[in-house]
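work.cif follows; it contains mmCIF, C-alpha atoms.
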```
data_entry
#
loop_
_atom_site.group_PDB
_atom_site.id
_atom_site.type_symbol
_atom_site.label_atom_id
_atom_site.label_comp_id
_atom_site.auth_asym_id
_atom_site.auth_seq_id
_atom_site.Cartn_x
_atom_site.Cartn_y
_atom_site.Cartn_z
ATOM 1 C CA MET E 84 14.835 8.914 -50.120
ATOM 2 C CA ARG E 85 11.430 7.963 -48.650
ATOM 3 C CA GLU E 86 13.049 5.355 -46.383
ATOM 4 C CA GLU E 87 15.524 7.980 -45.170
ATOM 5 C CA ASN E 88 12.661 10.378 -44.309
ATOM 6 C CA ASP E 89 10.796 7.576 -42.483
ATOM 7 C CA MET E 90 13.940 6.782 -40.490
ATOM 8 C CA LYS E 91 14.402 10.454 -39.596
ATOM 9 C CA LYS E 92 10.763 10.680 -38.465
ATOM 10 C CA SER E 93 11.119 7.499 -36.403
ATOM 11 C CA LEU E 94 14.341 8.777 -34.842
ATOM 12 C CA ALA E 95 12.724 12.145 -34.049
ATOM 13 C CA ALA E 96 9.719 10.398 -32.466
ATOM 14 C CA ALA E 97 12.030 8.200 -30.379
ATOM 15 C CA ILE E 98 13.995 11.248 -29.174
ATOM 16 C CA ILE E 99 10.779 13.090 -28.243
ATOM 17 C CA LEU E 100 9.517 10.017 -26.396
ATOM 18 C CA LEU E 101 12.808 9.662 -24.518
ATOM 19 C CA LEU E 102 12.873 13.346 -23.560
ATOM 20 C CA SER E 103 9.239 13.162 -22.392
ATOM 21 C CA ALA E 104 9.946 10.085 -20.263
ATOM 22 C CA THR E 105 12.995 11.786 -18.741
ATOM 23 C CA ALA E 106 10.982 14.925 -17.954
ATOM 24 C CA ILE E 107 8.241 12.841 -16.308
ATOM 25 C CA ALA E 108 10.817 10.911 -14.255
ATOM 26 C CA ASP E 109 12.486 14.179 -13.197
ATOM 27 C CA GLU E 110 9.112 15.643 -12.200
ATOM 28 C CA MET E 111 8.229 12.536 -10.186
ATOM 29 C CA GLU E 112 11.615 12.636 -8.430
ATOM 30 C CA SER E 113 11.157 16.320 -7.642
ATOM 31 C CA THR E 114 7.826 15.579 -5.930
ATOM 32 C CA LYS E 115 9.517 13.034 -3.675
ATOM 33 C CA ARG E 116 9.924 14.172 -0.064
ATOM 34 C CA VAL E 117 12.003 12.177 2.416
ATOM 35 C CA ILE E 118 12.114 12.800 6.156
ATOM 36 C CA GLU E 119 15.032 11.043 7.873
ATOM 37 C CA SER E 120 16.261 10.788 11.438
ATOM 38 C CA GLY E 121 18.179 8.210 13.450
ATOM 39 C CA GLY E 122 18.174 5.532 10.754
ATOM 40 C CA ARG E 123 14.438 5.910 10.128
ATOM 41 C CA SER E 124 12.839 7.413 7.047
ATOM 42 C CA VAL E 125 9.411 8.301 5.725
ATOM 43 C CA THR E 126 8.968 9.027 2.032
ATOM 44 C CA PHE E 127 6.144 10.866 0.318
ATOM 45 C CA THR E 128 5.538 10.930 -3.427
ATOM 46 C CA ALA E 129 2.994 12.408 -5.813
ATOM 47 C CA ASP E 130 1.058 9.145 -5.436
ATOM 48 C CA VAL E 131 1.322 9.194 -1.620
ATOM 49 C CA PRO E 132 1.430 12.856 -0.504
ATOM 50 C CA SER E 133 1.761 13.641 3.198
ATOM 51 C CA ASN E 134 -1.656 15.308 3.333
ATOM 52 C CA ARG E 135 -3.297 12.012 2.250
ATOM 53 C CA THR E 136 -1.735 10.100 5.154
ATOM 54 C CA GLY E 137 -1.798 10.602 8.900
ATOM 55 C CA TYR E 138 1.531 12.409 8.853
ATOM 56 C CA ASP E 139 0.107 15.915 8.703
ATOM 57 C CA SER E 140 -2.927 15.024 10.818
ATOM 58 C CA PRO E 141 -3.275 15.960 14.498
ATOM 59 C CA TRP E 142 -2.075 12.412 15.346
ATOM 60 C CA HIS E 143 1.261 12.743 13.475
ATOM 61 C CA TYR E 144 1.880 9.159 12.393
ATOM 62 C CA ALA E 145 3.718 7.700 9.419
ATOM 63 C CA HIS E 146 1.844 5.603 6.885
ATOM 64 C CA ALA E 147 5.018 3.593 6.297
ATOM 65 C CA ILE E 148 8.332 4.032 8.048
ATOM 66 C CA ARG E 149 11.590 2.352 7.150
ATOM 67 C CA ALA E 150 13.906 1.441 10.021
ATOM 68 C CA GLY E 151 16.972 -0.268 8.607
ATOM 69 C CA ASP E 152 15.861 -3.322 6.666
ATOM 70 C CA PHE E 153 12.320 -3.253 8.045
ATOM 71 C CA VAL E 154 9.288 -1.262 6.922
ATOM 72 C CA TYR E 155 6.351 -0.823 9.289
ATOM 73 C CA ILE E 156 2.920 -0.110 7.831
ATOM 74 C CA SER E 157 0.413 1.694 10.047
ATOM 75 C CA GLY E 158 -3.051 0.214 10.281
ATOM 76 C CA VAL E 159 -5.273 0.668 7.243
ATOM 77 C CA ILE E 160 -8.989 0.114 7.753
ATOM 78 C CA ILE E 161 -11.183 -2.140 5.658
ATOM 79 C CA GLY E 162 -14.752 -0.943 6.096
ATOM 80 C CA ALA E 163 -17.986 0.402 4.749
ATOM 81 C CA ARG E 164 -17.856 3.779 3.055
ATOM 82 C CA HIS E 165 -19.604 6.650 4.839
ATOM 83 C CA ASP E 166 -22.392 6.832 2.225
ATOM 84 C CA GLU E 167 -22.901 3.085 1.917
ATOM 85 C CA GLU E 168 -25.755 1.004 3.299
ATOM 86 C CA ILE E 169 -24.708 -1.409 5.986
ATOM 87 C CA PRO E 170 -24.126 -4.216 6.547
ATOM 88 C CA ILE E 171 -21.941 -4.617 3.449
ATOM 89 C CA SER E 172 -21.894 -7.886 1.525
ATOM 90 C CA LYS E 173 -19.020 -10.329 1.236
ATOM 91 C CA GLU E 174 -18.343 -9.026 -2.286
ATOM 92 C CA ARG E 175 -18.146 -5.412 -1.050
ATOM 93 C CA PHE E 176 -15.851 -6.558 1.753
ATOM 94 C CA ARG E 177 -13.667 -8.275 -0.870
ATOM 95 C CA GLU E 178 -13.581 -5.076 -2.972
ATOM 96 C CA GLU E 179 -12.640 -2.967 0.054
ATOM 97 C CA THR E 180 -9.950 -5.491 1.026
ATOM 98 C CA GLU E 181 -8.475 -5.341 -2.489
ATOM 99 C CA SER E 182 -8.513 -1.535 -2.308
ATOM 100 C CA VAL E 183 -6.675 -1.586 1.035
ATOM 101 C CA PHE E 184 -4.007 -3.932 -0.334
ATOM 102 C CA GLN E 185 -3.502 -1.546 -3.268
ATOM 103 C CA ILE E 186 -3.095 1.342 -0.816
ATOM 104 C CA ILE E 187 -0.587 -0.664 1.227
ATOM 105 C CA GLU E 188 1.329 -1.559 -1.948
ATOM 106 C CA ARG E 189 1.577 2.168 -2.799
ATOM 107 C CA TYR E 190 2.791 2.877 0.743
ATOM 108 C CA LEU E 191 5.407 0.140 0.457
ATOM 109 C CA THR E 192 6.573 1.476 -2.890
ATOM 110 C CA THR E 193 7.486 4.768 -1.183
ATOM 111 C CA ALA E 194 9.807 2.736 1.080
ATOM 112 C CA ASP E 195 11.313 0.679 -1.783
ATOM 113 C CA ALA E 196 9.485 -2.470 -0.673
ATOM 114 C CA SER E 197 6.494 -4.532 -1.782
ATOM 115 C CA LEU E 198 3.826 -6.875 -0.499
ATOM 116 C CA LYS E 199 6.108 -9.752 -1.540
ATOM 117 C CA ASP E 200 8.360 -8.748 1.371
ATOM 118 C CA VAL E 201 5.712 -8.976 4.137
ATOM 119 C CA VAL E 202 6.868 -11.014 7.171
ATOM 120 C CA LYS E 203 4.142 -10.152 9.715
ATOM 121 C CA ILE E 204 0.480 -9.182 9.480
ATOM 122 C CA ASN E 205 -1.736 -8.065 12.344
ATOM 123 C CA THR E 206 -5.470 -7.760 11.780
ATOM 124 C CA PHE E 207 -7.965 -6.330 14.246
ATOM 125 C CA HIS E 208 -11.546 -7.496 13.597
ATOM 126 C CA VAL E 209 -14.618 -5.752 15.047
ATOM 127 C CA LEU E 210 -16.713 -8.420 16.727
ATOM 128 C CA ASP E 211 -20.475 -8.007 16.458
ATOM 129 C CA GLY E 212 -20.107 -4.840 14.403
ATOM 130 C CA LYS E 213 -22.904 -3.333 12.325
ATOM 131 C CA SER E 214 -20.855 -2.838 9.140
ATOM 132 C CA THR E 215 -20.919 -6.486 8.017
ATOM 133 C CA ASP E 216 -22.505 -9.803 8.830
ATOM 134 C CA LEU E 217 -19.315 -11.703 8.002
ATOM 135 C CA ARG E 218 -17.830 -13.792 10.797
ATOM 136 C CA ILE E 219 -14.158 -13.256 11.665
ATOM 137 C CA ASP E 220 -13.152 -16.503 9.892
ATOM 138 C CA GLU E 221 -14.949 -15.334 6.717
ATOM 139 C CA GLN E 222 -13.178 -11.962 6.913
ATOM 140 C CA ALA E 223 -9.817 -13.675 7.449
ATOM 141 C CA LEU E 224 -10.360 -15.934 4.444
ATOM 142 C CA VAL E 225 -11.063 -12.949 2.159
ATOM 143 C CA ILE E 226 -7.932 -11.211 3.498
ATOM 144 C CA ALA E 227 -5.844 -14.378 2.949
ATOM 145 C CA GLU E 228 -7.144 -14.785 -0.608
ATOM 146 C CA THR E 229 -6.334 -11.143 -1.372
ATOM 147 C CA ARG E 230 -2.897 -11.382 0.240
ATOM 148 C CA ASP E 231 -2.124 -14.466 -1.859
ATOM 149 C CA LYS E 232 -2.543 -12.383 -5.042
ATOM 150 C CA TYR E 233 0.369 -10.183 -3.944
ATOM 151 C CA GLY E 234 2.546 -12.340 -1.726
ATOM 152 C CA VAL E 235 4.978 -15.169 -2.196
ATOM 153 C CA GLU E 236 5.936 -18.117 -0.040
ATOM 154 C CA PRO E 237 6.889 -18.483 2.664
ATOM 155 C CA HIS E 238 3.675 -17.030 4.036
ATOM 156 C CA PRO E 239 4.022 -14.253 6.630
ATOM 157 C CA ALA E 240 3.234 -14.661 10.306
ATOM 158 C CA TRP E 241 -0.301 -13.472 11.056
ATOM 159 C CA THR E 242 -2.131 -12.569 14.238
ATOM 160 C CA ALA E 243 -5.887 -11.890 14.074
ATOM 161 C CA VAL E 244 -7.404 -10.143 17.092
ATOM 162 C CA GLY E 245 -11.066 -9.545 17.902
ATOM 163 C CA THR E 246 -11.963 -6.105 19.232
ATOM 164 C CA THR E 247 -15.047 -4.058 20.109
ATOM 165 C CA GLY E 248 -14.256 -1.145 17.791
ATOM 166 C CA LEU E 249 -11.853 0.736 15.544
ATOM 167 C CA PHE E 250 -11.069 4.433 15.120
ATOM 168 C CA SER E 251 -13.395 4.538 12.108
ATOM 169 C CA PRO E 252 -16.975 3.807 13.227
ATOM 170 C CA ARG E 253 -17.662 1.947 9.959
ATOM 171 C CA GLY E 254 -14.443 -0.028 10.169
ATOM 172 C CA ILE E 255 -14.577 -3.801 10.009
ATOM 173 C CA VAL E 256 -10.891 -4.778 10.054
ATOM 174 C CA GLU E 257 -7.705 -2.799 10.580
ATOM 175 C CA ILE E 258 -4.635 -4.324 8.990
ATOM 176 C CA GLU E 259 -1.008 -3.478 9.731
ATOM 177 C CA MET E 260 2.136 -5.079 8.360
ATOM 178 C CA VAL E 261 5.825 -5.500 8.976
ATOM 179 C CA VAL E 262 8.017 -5.933 5.918
ATOM 180 C CA TYR E 263 11.600 -7.129 5.642
ATOM 181 C CA SER E 264 13.215 -5.478 2.645
ATOM 182 C CA PRO E 265 16.959 -4.865 2.891
ATOM 183 C CA ALA E 266 17.820 -1.250 2.227
ATOM 184 C CA HIS E 267 19.521 -0.473 -1.067
ATOM 185 C CA GLY E 268 18.184 -3.646 -2.709
ATOM 186 C CA THR E 269 20.830 -6.002 -1.325
ATOM 187 C CA SER E 270 18.505 -8.998 -1.185
ATOM 188 C CA LYS E 271 15.076 -8.463 -2.728
ATOM 189 C CA SER E 272 12.455 -11.204 -2.888
ATOM 190 C CA MET E 273 11.958 -13.044 -6.139
#
```
Starting from the coordinates I provided, produce the structure as C-alpha coordinates.
Amino acid sequence: MREENDMKKSLAAAIILLLSATAIADEMESTKRVIESGGRSVTFTADVPSNRTGYDSPWHYAHAIRAGDFVYISGVIIGARHDEEIPISKERFREETESVFQIIERYLTTADASLKDVVKINTFHVLDGKSTDLRIDEQALVIAETRDKYGVEPHPAWTAVGTTGLFSPRGIVEIEMVVYSPAHGTSKSM
(Lines of atoms letter the chains of each structure in order from A and count residues from 1; the text may use other names and numbers.)
(Lines give C-alpha, C1' and ligand atoms only; values in the text may rest on other atoms or scores of the structure.)
Protein backbone atom coordinates (compact mmCIF):
# COMPACT_ATOMS: atom_id res chain seq x y z
CA MET A 1 0.00 0.00 0.00
CA ARG A 2 2.81 2.43 0.94
CA GLU A 3 4.73 1.56 -2.24
CA GLU A 4 1.59 2.22 -4.29
CA ASN A 5 1.17 5.67 -2.67
CA ASP A 6 4.86 6.47 -3.31
CA MET A 7 4.45 5.47 -6.96
CA LYS A 8 1.34 7.64 -7.29
CA LYS A 9 3.20 10.60 -5.74
CA SER A 10 6.17 10.05 -8.05
CA LEU A 11 3.88 9.80 -11.07
CA ALA A 12 2.02 12.97 -10.04
CA ALA A 13 5.33 14.83 -9.58
CA ALA A 14 6.52 13.66 -13.00
CA ILE A 15 3.27 14.83 -14.64
CA ILE A 16 3.52 18.24 -12.94
CA LEU A 17 7.14 18.56 -14.03
CA LEU A 18 6.26 17.63 -17.61
CA LEU A 19 3.35 20.08 -17.73
CA SER A 20 5.56 22.85 -16.29
CA ALA A 21 8.29 22.19 -18.86
CA THR A 22 5.71 22.23 -21.67
CA ALA A 23 4.24 25.52 -20.41
CA ILE A 24 7.72 27.08 -20.23
CA ALA A 25 8.55 25.87 -23.75
CA ASP A 26 5.23 27.23 -25.05
CA GLU A 27 5.88 30.59 -23.36
CA MET A 28 9.39 30.77 -24.83
CA GLU A 29 8.05 29.94 -28.30
CA SER A 30 5.36 32.60 -27.96
CA THR A 31 8.01 35.24 -27.21
CA LYS A 32 9.84 34.36 -30.42
CA ARG A 33 9.52 36.97 -33.17
CA VAL A 34 10.74 36.28 -36.70
CA ILE A 35 11.03 38.88 -39.45
CA GLU A 36 11.47 37.35 -42.91
CA SER A 37 11.90 38.73 -46.40
CA GLY A 38 13.59 37.55 -49.58
CA GLY A 39 15.23 34.48 -48.03
CA ARG A 40 16.59 36.47 -45.09
CA SER A 41 15.41 36.25 -41.51
CA VAL A 42 16.04 37.88 -38.16
CA THR A 43 14.79 36.20 -35.00
CA PHE A 44 14.24 37.72 -31.58
CA THR A 45 13.62 35.76 -28.40
CA ALA A 46 13.07 36.52 -24.72
CA ASP A 47 16.85 36.21 -24.32
CA VAL A 48 17.56 38.47 -27.32
CA PRO A 49 14.69 40.99 -27.59
CA SER A 50 14.72 43.52 -30.42
CA ASN A 51 15.02 46.46 -28.03
CA ARG A 52 18.35 45.05 -26.73
CA THR A 53 19.86 44.98 -30.23
CA GLY A 54 20.33 47.62 -32.89
CA TYR A 55 17.17 46.57 -34.69
CA ASP A 56 14.88 49.11 -33.06
CA SER A 57 17.61 51.76 -32.82
CA PRO A 58 17.84 54.75 -35.18
CA TRP A 59 20.43 52.76 -37.19
CA HIS A 60 18.08 49.80 -37.90
CA TYR A 61 20.54 46.92 -38.11
CA ALA A 62 20.18 43.23 -37.34
CA HIS A 63 22.28 41.66 -34.60
CA ALA A 64 22.28 38.40 -36.56
CA ILE A 65 20.69 37.78 -39.93
CA ARG A 66 20.30 34.45 -41.65
CA ALA A 67 20.59 34.42 -45.44
CA GLY A 68 20.20 30.86 -46.66
CA ASP A 69 22.86 28.73 -45.03
CA PHE A 70 24.86 31.70 -43.76
CA VAL A 71 24.41 33.80 -40.62
CA TYR A 72 26.03 37.23 -40.41
CA ILE A 73 26.77 38.69 -36.99
CA SER A 74 27.00 42.47 -36.71
CA GLY A 75 29.99 43.89 -34.90
CA VAL A 76 30.00 43.52 -31.13
CA ILE A 77 32.41 45.73 -29.20
CA ILE A 78 34.89 44.54 -26.62
CA GLY A 79 35.74 47.52 -24.44
CA ALA A 80 35.88 49.26 -21.11
CA ARG A 81 32.59 49.86 -19.35
CA HIS A 82 31.44 53.48 -19.06
CA ASP A 83 32.06 53.56 -15.28
CA GLU A 84 35.39 51.74 -15.37
CA GLU A 85 38.85 53.21 -14.92
CA ILE A 86 40.99 53.05 -18.01
CA PRO A 87 43.19 51.62 -19.28
CA ILE A 88 41.74 48.19 -18.46
CA SER A 89 44.02 45.28 -17.62
CA LYS A 90 44.60 42.16 -19.68
CA GLU A 91 42.36 40.22 -17.28
CA ARG A 92 39.51 42.74 -17.70
CA PHE A 93 40.00 42.56 -21.46
CA ARG A 94 39.76 38.75 -21.22
CA GLU A 95 36.55 39.03 -19.16
CA GLU A 96 35.01 41.46 -21.65
CA THR A 97 36.04 39.20 -24.55
CA GLU A 98 34.38 36.21 -22.86
CA SER A 99 31.24 38.30 -22.31
CA VAL A 100 31.15 39.29 -25.99
CA PHE A 101 31.50 35.66 -27.10
CA GLN A 102 28.57 34.75 -24.83
CA ILE A 103 26.51 37.53 -26.42
CA ILE A 104 27.44 36.32 -29.91
CA GLU A 105 26.52 32.74 -28.93
CA ARG A 106 23.07 33.98 -27.82
CA TYR A 107 22.69 35.85 -31.11
CA LEU A 108 23.65 32.74 -33.06
CA THR A 109 21.18 30.64 -31.09
CA THR A 110 18.36 32.87 -32.39
CA ALA A 111 19.45 31.88 -35.92
CA ASP A 112 19.78 28.15 -35.11
CA ALA A 113 23.58 28.30 -35.30
CA SER A 114 26.52 28.30 -32.91
CA LEU A 115 30.10 29.46 -32.54
CA LYS A 116 31.16 25.99 -33.74
CA ASP A 117 29.88 27.02 -37.18
CA VAL A 118 32.01 30.18 -37.57
CA VAL A 119 33.85 30.36 -40.93
CA LYS A 120 35.05 34.00 -40.91
CA ILE A 121 35.97 36.49 -38.21
CA ASN A 122 36.78 40.16 -38.71
CA THR A 123 38.23 42.15 -35.83
CA PHE A 124 38.82 45.89 -35.81
CA HIS A 125 41.40 46.99 -33.22
CA VAL A 126 41.78 50.59 -32.01
CA LEU A 127 45.43 51.50 -32.37
CA ASP A 128 46.87 53.75 -29.67
CA GLY A 129 43.55 53.87 -27.83
CA LYS A 130 43.18 54.98 -24.22
CA SER A 131 41.02 52.03 -23.09
CA THR A 132 43.86 49.49 -22.84
CA ASP A 133 47.62 49.23 -22.99
CA LEU A 134 47.46 45.87 -24.77
CA ARG A 135 49.13 45.68 -28.16
CA ILE A 136 47.08 44.35 -31.09
CA ASP A 137 48.91 40.98 -30.98
CA GLU A 138 48.07 40.64 -27.25
CA GLN A 139 44.42 41.46 -27.96
CA ALA A 140 44.33 38.94 -30.82
CA LEU A 141 45.81 36.22 -28.63
CA VAL A 142 43.11 36.73 -25.96
CA ILE A 143 40.43 36.63 -28.68
CA ALA A 144 41.94 33.43 -30.16
CA GLU A 145 42.10 31.76 -26.75
CA THR A 146 38.47 32.67 -26.07
CA ARG A 147 37.35 31.55 -29.53
CA ASP A 148 39.08 28.20 -29.00
CA LYS A 149 36.80 27.51 -26.00
CA TYR A 150 33.78 27.63 -28.32
CA GLY A 151 35.04 26.64 -31.75
CA VAL A 152 36.11 23.46 -33.45
CA GLU A 153 38.62 22.74 -36.19
CA PRO A 154 39.08 23.69 -38.88
CA HIS A 155 39.75 27.18 -37.57
CA PRO A 156 37.84 30.03 -39.25
CA ALA A 157 39.42 32.59 -41.54
CA TRP A 158 40.33 35.74 -39.62
CA THR A 159 41.20 39.27 -40.65
CA ALA A 160 42.43 41.71 -37.98
CA VAL A 161 42.40 45.39 -38.95
CA GLY A 162 43.88 48.35 -37.08
CA THR A 163 41.73 51.48 -36.90
CA THR A 164 41.73 54.89 -35.21
CA GLY A 165 38.36 54.46 -33.49
CA LEU A 166 35.08 52.61 -33.05
CA PHE A 167 31.49 53.79 -32.60
CA SER A 168 31.85 53.31 -28.84
CA PRO A 169 34.48 55.74 -27.49
CA ARG A 170 35.62 53.13 -24.93
CA GLY A 171 35.76 50.37 -27.51
CA ILE A 172 38.96 48.41 -27.95
CA VAL A 173 37.98 45.77 -30.53
CA GLU A 174 34.88 45.26 -32.64
CA ILE A 175 34.29 41.68 -33.70
CA GLU A 176 31.97 40.45 -36.45
CA MET A 177 31.46 36.93 -37.73
CA VAL A 178 30.14 34.94 -40.64
CA VAL A 179 28.73 31.51 -39.86
CA TYR A 180 27.91 28.63 -42.17
CA SER A 181 25.04 26.65 -40.70
CA PRO A 182 22.75 24.93 -43.19
CA ALA A 183 19.14 25.86 -42.63
CA HIS A 184 16.89 23.20 -41.14
CA GLY A 185 19.83 21.32 -39.61
CA THR A 186 20.84 19.43 -42.75
CA SER A 187 24.53 19.34 -41.87
CA LYS A 188 25.40 20.66 -38.42
CA SER A 189 28.96 20.68 -37.08
CA MET A 190 30.00 17.99 -34.66
Report as a list in words the residues that result from applying the PyMOL selection byres ((chain E and resi 149) around 10) to the structure here.
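Output from the PyMOL selection byres ((chain E and resi 149) around 10), applied to this file: Glu119, Gly122, Arg123, Ser124, Val125, Thr126, Ala145, Ala147, Ile148, Ala150, Gly151, Asp152, Phe153, Val154, Tyr155, Ile156, Leu191, Thr193, Ala194, Asp195, Ala196, Val261, Val262, Tyr263, Ser264, Pro265 and Ala266 of chain E.
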Spatial neighbours of range 241-244 of chain E, max dist 9 Å, all atoms listed in the file, sep filter under 6 positions, as a PDB file with C-alpha atoms, in the coordinates of the input:
```pdb
ATOM      1  CA  VAL E 202       6.868 -11.014   7.171  1.00  0.00           C
ATOM      2  CA  LYS E 203       4.142 -10.152   9.715  1.00  0.00           C
ATOM      3  CA  ILE E 204       0.480  -9.182   9.480  1.00  0.00           C
ATOM      4  CA  ASN E 205      -1.736  -8.065  12.344  1.00  0.00           C
ATOM      5  CA  THR E 206      -5.470  -7.760  11.780  1.00  0.00           C
ATOM      6  CA  PHE E 207      -7.965  -6.330  14.246  1.00  0.00           C
ATOM      7  CA  HIS E 208     -11.546  -7.496  13.597  1.00  0.00           C
ATOM      8  CA  VAL E 209     -14.618  -5.752  15.047  1.00  0.00           C
ATOM      9  CA  ILE E 219     -14.158 -13.256  11.665  1.00  0.00           C
ATOM     10  CA  ALA E 223      -9.817 -13.675   7.449  1.00  0.00           C
TER      11      ALA E 223
END
```
For Lys199 in chain E, please output as a tab-separated table (two decimals) with C-alpha atoms, in the frame of the given file all residues within 6 Å (counting only C-alpha atoms; exclusion window: fewer than 2 positions along the same chain).
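And here is the file that came out, selection_15.tsv:
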```
chain	number	residue	atom	x	y	z
E	197	SER	CA	6.49	-4.53	-1.78
E	201	VAL	CA	5.71	-8.98	4.14
E	234	GLY	CA	2.55	-12.34	-1.73
E	235	VAL	CA	4.98	-15.17	-2.20
```
Kindly indicate which residue among E:Val183, E:Val159, E:Ala227, E:Ala129 lies nearest to Phe250 in chain E, using only C-alpha atoms for the distances.
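Of all the options, E:Val159 lies closest to Phe250 in chain E.
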Please write as a PyMOL selection string the list of polymer residues whose atoms come within 12 Å of (-3.5, -2.4, 0.5), counting all atoms listed in the file and keeping to the coordinates of the file.
chain E and resi 146-147+156-161+177-192+197-198+201+204+226+229-230+232-234+257-260
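For Lys213 in chain E, the set of protein, DNA and RNA residues having any atom at most 8 Å away, when counting all atoms listed in the file and skipping those fewer than 4 positions along the same chain, is E:Ile169, E:Pro170, E:Arg253.
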Could you please take those selected residues and save C-alpha atoms as a PDB file, in the coordinates of the input?
```pdb
ATOM      1  CA  ILE E 169     -24.708  -1.409   5.986  1.00  0.00           C
ATOM      2  CA  PRO E 170     -24.126  -4.216   6.547  1.00  0.00           C
ATOM      3  CA  ARG E 253     -17.662   1.947   9.959  1.00  0.00           C
TER       4      ARG E 253
END
```
Would you mind reading off the distance between CA of Leu210 in chain E and CA of Glu228 in chain E, one decimal, in Å?
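Interatomic distance, CA of Leu210 in chain E to CA of Glu228 in chain E: 20.8 Å.
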Between CA of Phe127 in chain E and CA of Lys115 in chain E - distance in Å to one decimal
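It comes out at 5.7 Å.
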Around all listed atoms of range 157-171 of chain E, padded 5 Å per side, what centre and edge lengths does the axis-aligned box have in Å to one decimal, as lines of an AutoDock Vina configuration file?
```
center_x = -12.7
center_y = 1.1
center_z = 6.1
size_x = 36.2
size_y = 21.4
size_z = 18.4
```
Please measure the separation of CA of Arg116 in chain E and CA of Ser133 in chain E, giving the value in Å to one decimal.
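According to the coordinates, CA of Arg116 in chain E and CA of Ser133 in chain E are separated by 8.8 Å.
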Between E:Ile171, E:Val256, E:Ala240, E:Leu249, which residue has the minimum interatomic distance to Asp216 in chain E, considering only C-alpha atoms?
E:Ile171
